[in-house]
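The next block is final_35.tsv, given as TSV, all heavy atoms.
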chain	number	residue	atom	x	y	z
G	23	MET	N	273.55	108.57	138.86
G	23	MET	CA	272.81	108.27	140.07
G	23	MET	C	271.32	108.24	139.76
G	23	MET	O	270.60	107.46	140.35
G	23	MET	CB	273.16	109.34	141.11
G	23	MET	CG	272.89	108.92	142.49
G	23	MET	SD	273.90	107.50	142.89
G	23	MET	CE	273.09	106.91	144.29
G	24	HIS	N	270.89	109.06	138.83
G	24	HIS	CA	269.47	109.07	138.46
G	24	HIS	C	269.04	107.71	137.92
G	24	HIS	O	267.97	107.22	138.27
G	24	HIS	CB	269.21	110.16	137.43
G	24	HIS	CG	267.83	110.13	136.85
G	24	HIS	ND1	266.73	110.49	137.58
G	24	HIS	CD2	267.38	109.75	135.64
G	24	HIS	CE1	265.64	110.35	136.82
G	24	HIS	NE2	266.01	109.90	135.65
G	25	CYS	N	269.88	107.10	137.09
G	25	CYS	CA	269.55	105.79	136.53
G	25	CYS	C	269.51	104.72	137.60
G	25	CYS	O	268.72	103.79	137.53
G	25	CYS	CB	270.55	105.42	135.45
G	25	CYS	SG	270.45	106.47	134.00
G	26	MET	N	270.37	104.84	138.61
G	26	MET	CA	270.36	103.88	139.72
G	26	MET	C	269.03	103.95	140.46
G	26	MET	O	268.47	102.94	140.85
G	26	MET	CB	271.50	104.17	140.70
G	26	MET	CG	272.86	103.77	140.20
G	26	MET	SD	273.08	102.00	140.13
G	26	MET	CE	273.06	101.60	141.86
G	27	LYS	N	268.51	105.14	140.65
G	27	LYS	CA	267.26	105.31	141.37
G	27	LYS	C	266.07	104.82	140.57
G	27	LYS	O	265.04	104.48	141.13
G	27	LYS	CB	267.08	106.76	141.79
G	27	LYS	CG	268.04	107.17	142.89
G	27	LYS	CD	267.78	108.59	143.34
G	27	LYS	CE	268.70	108.95	144.49
G	27	LYS	NZ	268.45	110.31	144.97
G	28	LEU	N	266.20	104.79	139.23
G	28	LEU	CA	265.12	104.27	138.40
G	28	LEU	C	264.91	102.77	138.64
G	28	LEU	O	263.82	102.26	138.45
G	28	LEU	CB	265.40	104.53	136.92
G	28	LEU	CG	265.28	105.97	136.45
G	28	LEU	CD1	265.68	106.06	134.99
G	28	LEU	CD2	263.88	106.48	136.66
G	29	MET	N	265.95	102.08	139.05
G	29	MET	CA	265.87	100.64	139.30
G	29	MET	C	265.35	100.33	140.70
G	29	MET	O	265.23	99.18	141.08
G	29	MET	CB	267.24	100.01	139.09
G	29	MET	CG	267.75	100.18	137.69
G	29	MET	SD	269.29	99.36	137.44
G	29	MET	CE	268.71	97.70	137.20
G	30	GLY	N	265.06	101.33	141.47
G	30	GLY	CA	264.55	101.14	142.82
G	30	GLY	C	265.14	102.18	143.74
G	30	GLY	O	266.34	102.44	143.70
G	31	GLN	N	264.32	102.75	144.56
G	31	GLN	CA	264.77	103.84	145.42
G	31	GLN	C	265.67	103.35	146.55
G	31	GLN	O	266.59	104.03	146.95
G	31	GLN	CB	263.56	104.57	146.01
G	31	GLN	CG	263.88	105.86	146.69
G	31	GLN	CD	264.34	106.95	145.74
G	31	GLN	OE1	264.19	106.86	144.55
G	31	GLN	NE2	264.93	107.98	146.29
G	32	SER	N	265.42	102.15	147.05
G	32	SER	CA	266.20	101.66	148.19
G	32	SER	C	266.78	100.29	147.90
G	32	SER	O	266.36	99.60	146.97
G	32	SER	CB	265.32	101.60	149.43
G	32	SER	OG	264.28	100.68	149.23
G	33	LEU	N	267.71	99.90	148.73
G	33	LEU	CA	268.33	98.58	148.60
G	33	LEU	C	267.50	97.55	149.36
G	33	LEU	O	266.92	97.85	150.39
G	33	LEU	CB	269.75	98.61	149.16
G	33	LEU	CG	270.73	99.55	148.46
G	33	LEU	CD1	272.04	99.57	149.20
G	33	LEU	CD2	270.94	99.11	147.03
G	34	MET	N	267.44	96.35	148.83
G	34	MET	CA	266.67	95.29	149.47
G	34	MET	C	267.48	94.56	150.54
G	34	MET	O	266.94	94.09	151.52
G	34	MET	CB	266.19	94.29	148.42
G	34	MET	CG	265.30	94.89	147.35
G	34	MET	SD	263.75	95.53	147.97
G	34	MET	CE	262.93	94.01	148.39
G	35	ALA	N	268.79	94.48	150.34
G	35	ALA	CA	269.66	93.73	151.25
G	35	ALA	C	269.87	94.50	152.54
G	35	ALA	O	269.86	95.72	152.57
G	35	ALA	CB	270.99	93.43	150.58
G	36	ARG	N	270.08	93.77	153.63
G	36	ARG	CA	270.32	94.40	154.92
G	36	ARG	C	271.80	94.39	155.30
G	36	ARG	O	272.28	95.33	155.91
G	36	ARG	CB	269.53	93.69	156.01
G	36	ARG	CG	268.04	93.86	155.84
G	36	ARG	CD	267.30	93.28	157.00
G	36	ARG	NE	265.86	93.43	156.81
G	36	ARG	CZ	264.98	93.22	157.76
G	36	ARG	NH1	265.37	92.83	158.94
G	36	ARG	NH2	263.70	93.38	157.51
G	37	ASP	N	272.52	93.33	154.95
G	37	ASP	CA	273.94	93.25	155.27
G	37	ASP	C	274.73	94.14	154.32
G	37	ASP	O	274.38	94.29	153.15
G	37	ASP	CB	274.46	91.81	155.13
G	37	ASP	CG	273.81	90.88	156.14
G	37	ASP	OD1	273.37	91.38	157.19
G	37	ASP	OD2	273.76	89.67	155.87
G	38	PHE	N	275.82	94.72	154.83
G	38	PHE	CA	276.62	95.62	154.03
G	38	PHE	C	277.21	94.92	152.81
G	38	PHE	O	277.19	95.47	151.71
G	38	PHE	CB	277.74	96.25	154.87
G	38	PHE	CG	278.60	97.19	154.09
G	38	PHE	CD1	278.13	98.43	153.71
G	38	PHE	CD2	279.88	96.83	153.71
G	38	PHE	CE1	278.92	99.31	152.99
G	38	PHE	CE2	280.68	97.68	152.98
G	38	PHE	CZ	280.19	98.93	152.63
G	39	GLU	N	277.73	93.70	152.99
G	39	GLU	CA	278.33	92.97	151.87
G	39	GLU	C	277.30	92.69	150.78
G	39	GLU	O	277.60	92.77	149.59
G	39	GLU	CB	278.94	91.65	152.35
G	39	GLU	CG	280.15	91.82	153.24
G	39	GLU	CD	279.79	92.07	154.70
G	39	GLU	OE1	278.61	91.85	155.07
G	39	GLU	OE2	280.67	92.50	155.45
G	40	ARG	N	276.11	92.37	151.18
G	40	ARG	CA	275.05	92.10	150.20
G	40	ARG	C	274.58	93.39	149.52
G	40	ARG	O	274.18	93.37	148.36
G	40	ARG	CB	273.89	91.38	150.87
G	40	ARG	CG	274.27	89.98	151.28
G	40	ARG	CD	273.14	89.24	151.87
G	40	ARG	NE	273.57	87.92	152.29
G	40	ARG	CZ	272.77	87.02	152.80
G	40	ARG	NH1	271.48	87.27	152.94
G	40	ARG	NH2	273.23	85.85	153.16
G	41	GLN	N	274.60	94.50	150.25
G	41	GLN	CA	274.27	95.78	149.64
G	41	GLN	C	275.29	96.14	148.56
G	41	GLN	O	274.92	96.62	147.49
G	41	GLN	CB	274.22	96.89	150.69
G	41	GLN	CG	273.02	96.81	151.60
G	41	GLN	CD	273.03	97.89	152.65
G	41	GLN	OE1	274.02	98.60	152.83
G	41	GLN	NE2	271.92	98.03	153.36
G	42	VAL	N	276.57	95.88	148.85
G	42	VAL	CA	277.61	96.14	147.87
G	42	VAL	C	277.39	95.28	146.64
G	42	VAL	O	277.48	95.75	145.50
G	42	VAL	CB	279.00	95.89	148.49
G	42	VAL	CG1	280.08	95.94	147.42
G	42	VAL	CG2	279.29	96.90	149.58
G	43	ALA	N	277.08	94.00	146.84
G	43	ALA	CA	276.82	93.10	145.72
G	43	ALA	C	275.61	93.56	144.91
G	43	ALA	O	275.63	93.52	143.67
G	43	ALA	CB	276.62	91.68	146.23
G	44	GLU	N	274.58	94.02	145.59
G	44	GLU	CA	273.38	94.48	144.90
G	44	GLU	C	273.68	95.71	144.04
G	44	GLU	O	273.21	95.81	142.89
G	44	GLU	CB	272.29	94.82	145.93
G	44	GLU	CG	270.97	95.20	145.33
G	44	GLU	CD	269.89	95.43	146.37
G	44	GLU	OE1	270.04	94.98	147.51
G	44	GLU	OE2	268.90	96.10	146.02
G	45	ILE	N	274.47	96.63	144.56
G	45	ILE	CA	274.84	97.81	143.79
G	45	ILE	C	275.69	97.43	142.59
G	45	ILE	O	275.51	97.96	141.48
G	45	ILE	CB	275.57	98.83	144.69
G	45	ILE	CG1	274.58	99.43	145.68
G	45	ILE	CG2	276.22	99.94	143.87
G	45	ILE	CD1	275.20	100.30	146.74
G	46	GLN	N	276.61	96.48	142.77
G	46	GLN	CA	277.45	96.03	141.66
G	46	GLN	C	276.61	95.39	140.57
G	46	GLN	O	276.88	95.57	139.38
G	46	GLN	CB	278.52	95.07	142.16
G	46	GLN	CG	279.60	95.75	142.96
G	46	GLN	CD	280.59	94.77	143.56
G	46	GLN	OE1	280.35	93.58	143.64
G	46	GLN	NE2	281.73	95.29	143.99
G	47	ILE	N	275.58	94.64	140.94
G	47	ILE	CA	274.69	94.03	139.95
G	47	ILE	C	273.92	95.10	139.20
G	47	ILE	O	273.79	95.04	137.97
G	47	ILE	CB	273.73	93.03	140.63
G	47	ILE	CG1	274.52	91.82	141.12
G	47	ILE	CG2	272.62	92.62	139.69
G	47	ILE	CD1	273.74	90.90	142.02
G	48	ARG	N	273.42	96.10	139.92
G	48	ARG	CA	272.69	97.18	139.25
G	48	ARG	C	273.59	97.93	138.26
G	48	ARG	O	273.16	98.28	137.16
G	48	ARG	CB	272.15	98.17	140.28
G	48	ARG	CG	271.00	97.63	141.09
G	48	ARG	CD	270.49	98.67	142.02
G	48	ARG	NE	269.44	98.14	142.88
G	48	ARG	CZ	268.64	98.89	143.63
G	48	ARG	NH1	268.79	100.19	143.65
G	48	ARG	NH2	267.72	98.34	144.37
G	49	ILE	N	274.83	98.18	138.66
G	49	ILE	CA	275.76	98.87	137.77
G	49	ILE	C	276.07	98.03	136.55
G	49	ILE	O	276.15	98.54	135.43
G	49	ILE	CB	277.04	99.25	138.54
G	49	ILE	CG1	276.71	100.35	139.55
G	49	ILE	CG2	278.14	99.71	137.60
G	49	ILE	CD1	277.83	100.65	140.51
G	50	ALA	N	276.21	96.71	136.74
G	50	ALA	CA	276.48	95.83	135.60
G	50	ALA	C	275.31	95.83	134.62
G	50	ALA	O	275.52	95.85	133.40
G	50	ALA	CB	276.75	94.40	136.10
G	51	VAL	N	274.10	95.86	135.14
G	51	VAL	CA	272.91	95.90	134.27
G	51	VAL	C	272.87	97.22	133.50
G	51	VAL	O	272.63	97.24	132.29
G	51	VAL	CB	271.63	95.71	135.11
G	51	VAL	CG1	270.38	96.03	134.29
G	51	VAL	CG2	271.55	94.29	135.64
G	52	LEU	N	273.14	98.33	134.19
G	52	LEU	CA	273.14	99.64	133.51
G	52	LEU	C	274.22	99.70	132.45
G	52	LEU	O	274.00	100.25	131.36
G	52	LEU	CB	273.34	100.75	134.54
G	52	LEU	CG	272.14	101.06	135.43
G	52	LEU	CD1	272.53	102.07	136.49
G	52	LEU	CD2	270.98	101.58	134.61
G	53	ASN	N	275.41	99.16	132.75
G	53	ASN	CA	276.48	99.16	131.75
G	53	ASN	C	276.10	98.32	130.54
G	53	ASN	O	276.44	98.66	129.41
G	53	ASN	CB	277.78	98.64	132.38
G	53	ASN	CG	278.40	99.66	133.30
G	53	ASN	OD1	278.12	100.84	133.23
G	53	ASN	ND2	279.24	99.18	134.20
G	54	ARG	N	275.40	97.22	130.76
G	54	ARG	CA	274.98	96.37	129.64
G	54	ARG	C	273.97	97.10	128.76
G	54	ARG	O	274.05	97.05	127.54
G	54	ARG	CB	274.39	95.07	130.17
G	54	ARG	CG	273.91	94.13	129.12
G	54	ARG	CD	275.07	93.58	128.32
G	54	ARG	NE	274.55	92.66	127.32
G	54	ARG	CZ	275.10	92.46	126.15
G	54	ARG	NH1	276.22	93.06	125.84
G	54	ARG	NH2	274.56	91.64	125.29
G	55	TYR	N	273.00	97.79	129.39
G	55	TYR	CA	272.03	98.57	128.61
G	55	TYR	C	272.73	99.68	127.83
G	55	TYR	O	272.37	99.97	126.69
G	55	TYR	CB	270.96	99.17	129.52
G	55	TYR	CG	269.89	98.19	129.93
G	55	TYR	CD1	269.45	98.11	131.24
G	55	TYR	CD2	269.30	97.34	129.00
G	55	TYR	CE1	268.47	97.22	131.61
G	55	TYR	CE2	268.32	96.44	129.36
G	55	TYR	CZ	267.90	96.39	130.67
G	55	TYR	OH	266.94	95.51	131.04
G	56	THR	N	273.71	100.31	128.44
G	56	THR	CA	274.46	101.36	127.76
G	56	THR	C	275.22	100.79	126.56
G	56	THR	O	275.24	101.39	125.49
G	56	THR	CB	275.44	102.04	128.73
G	56	THR	OG1	274.69	102.57	129.82
G	56	THR	CG2	276.20	103.16	128.05
G	57	ALA	N	275.84	99.64	126.75
G	57	ALA	CA	276.59	99.01	125.66
G	57	ALA	C	275.66	98.61	124.52
G	57	ALA	O	276.05	98.71	123.34
G	57	ALA	CB	277.33	97.78	126.17
G	58	LEU	N	274.45	98.20	124.82
G	58	LEU	CA	273.50	97.83	123.77
G	58	LEU	C	273.03	99.06	122.99
G	58	LEU	O	272.69	98.95	121.82
G	58	LEU	CB	272.29	97.11	124.37
G	58	LEU	CG	272.54	95.70	124.88
G	58	LEU	CD1	271.29	95.19	125.60
G	58	LEU	CD2	272.92	94.77	123.75
G	59	GLY	N	273.04	100.22	123.62
G	59	GLY	CA	272.53	101.44	122.99
G	59	GLY	C	273.57	102.19	122.17
G	59	GLY	O	273.23	103.11	121.43
G	60	ILE	N	274.85	101.83	122.28
G	60	ILE	CA	275.89	102.53	121.55
G	60	ILE	C	275.96	101.97	120.13
G	60	ILE	O	276.12	100.77	119.93
G	60	ILE	CB	277.25	102.37	122.25
G	60	ILE	CG1	277.22	103.05	123.62
G	60	ILE	CG2	278.38	102.94	121.39
G	60	ILE	CD1	278.48	102.85	124.43
G	61	PRO	N	275.83	102.82	119.11
G	61	PRO	CA	275.87	102.33	117.74
G	61	PRO	C	277.30	101.91	117.33
G	61	PRO	O	278.28	102.47	117.78
G	61	PRO	CB	275.41	103.51	116.90
G	61	PRO	CG	275.74	104.70	117.74
G	61	PRO	CD	275.61	104.25	119.17
G	62	VAL	N	277.35	100.93	116.46
G	62	VAL	CA	278.63	100.48	115.91
G	62	VAL	C	278.81	101.14	114.55
G	62	VAL	O	277.98	100.96	113.65
G	62	VAL	CB	278.64	98.93	115.75
G	62	VAL	CG1	279.94	98.48	115.13
G	62	VAL	CG2	278.43	98.27	117.10
G	63	THR	N	279.84	101.94	114.42
G	63	THR	CA	280.08	102.66	113.17
G	63	THR	C	281.17	101.97	112.38
G	63	THR	O	282.15	101.47	112.95
G	63	THR	CB	280.47	104.12	113.44
G	63	THR	OG1	281.63	104.13	114.26
G	63	THR	CG2	279.36	104.87	114.14
G	64	GLN	N	280.98	101.92	111.08
G	64	GLN	CA	281.95	101.30	110.19
G	64	GLN	C	282.26	102.27	109.06
G	64	GLN	O	281.35	102.94	108.55
G	64	GLN	CB	281.41	99.99	109.61
G	64	GLN	CG	281.15	98.94	110.66
G	64	GLN	CD	280.57	97.67	110.06
G	64	GLN	OE1	280.25	97.63	108.89
G	64	GLN	NE2	280.45	96.65	110.89
G	65	PRO	N	283.52	102.37	108.65
G	65	PRO	CA	283.87	103.26	107.55
G	65	PRO	C	283.30	102.73	106.22
G	65	PRO	O	283.23	101.54	105.99
G	65	PRO	CB	285.40	103.25	107.53
G	65	PRO	CG	285.78	101.99	108.22
G	65	PRO	CD	284.69	101.68	109.20
G	66	VAL	N	282.87	103.65	105.39
G	66	VAL	CA	282.32	103.30	104.09
G	66	VAL	C	283.38	103.62	103.04
G	66	VAL	O	283.98	104.68	103.03
G	66	VAL	CB	281.04	104.12	103.80
G	66	VAL	CG1	280.51	103.79	102.43
G	66	VAL	CG2	280.01	103.85	104.87
G	67	GLY	N	283.57	102.68	102.14
G	67	GLY	CA	284.48	103.00	101.06
G	67	GLY	C	285.46	101.99	100.85
G	67	GLY	O	286.29	101.51	100.41
Structure translated into structure tokens:
Amino acid sequence: MHCMKLMGQSLMARDFERQVAEIQIRIAVLNRYTALGIPVTQPVG
């Protein structure tokens, strides 16, 4: 939830359906940043 608030304290959309879409977009962006930060490990040998 802390990371969600870093992207903006409040929602811009007024309609409930658009608020849901806005939250889903924010979550997709956070998941993408998380995926970029996870190292890829490979066995040596």
Q: Taking the DSSP assignment computed from this structure's backbone, write out as a PyMOL selection string all residues of chain G that belong to alpha helix (DSSP H).
A: chain G and resi 24-28+38-59
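Atom CD2 of G:Leu33 is found 10.5 Å from atom CB of G:Ile49.
One finds atom CA of G:Asn53 at 21.4 Å from atom CA of G:Ala35.
With atom O of G:Glu39 on one side and atom O of G:Thr56 on the other, the separation reads 25.7 Å.
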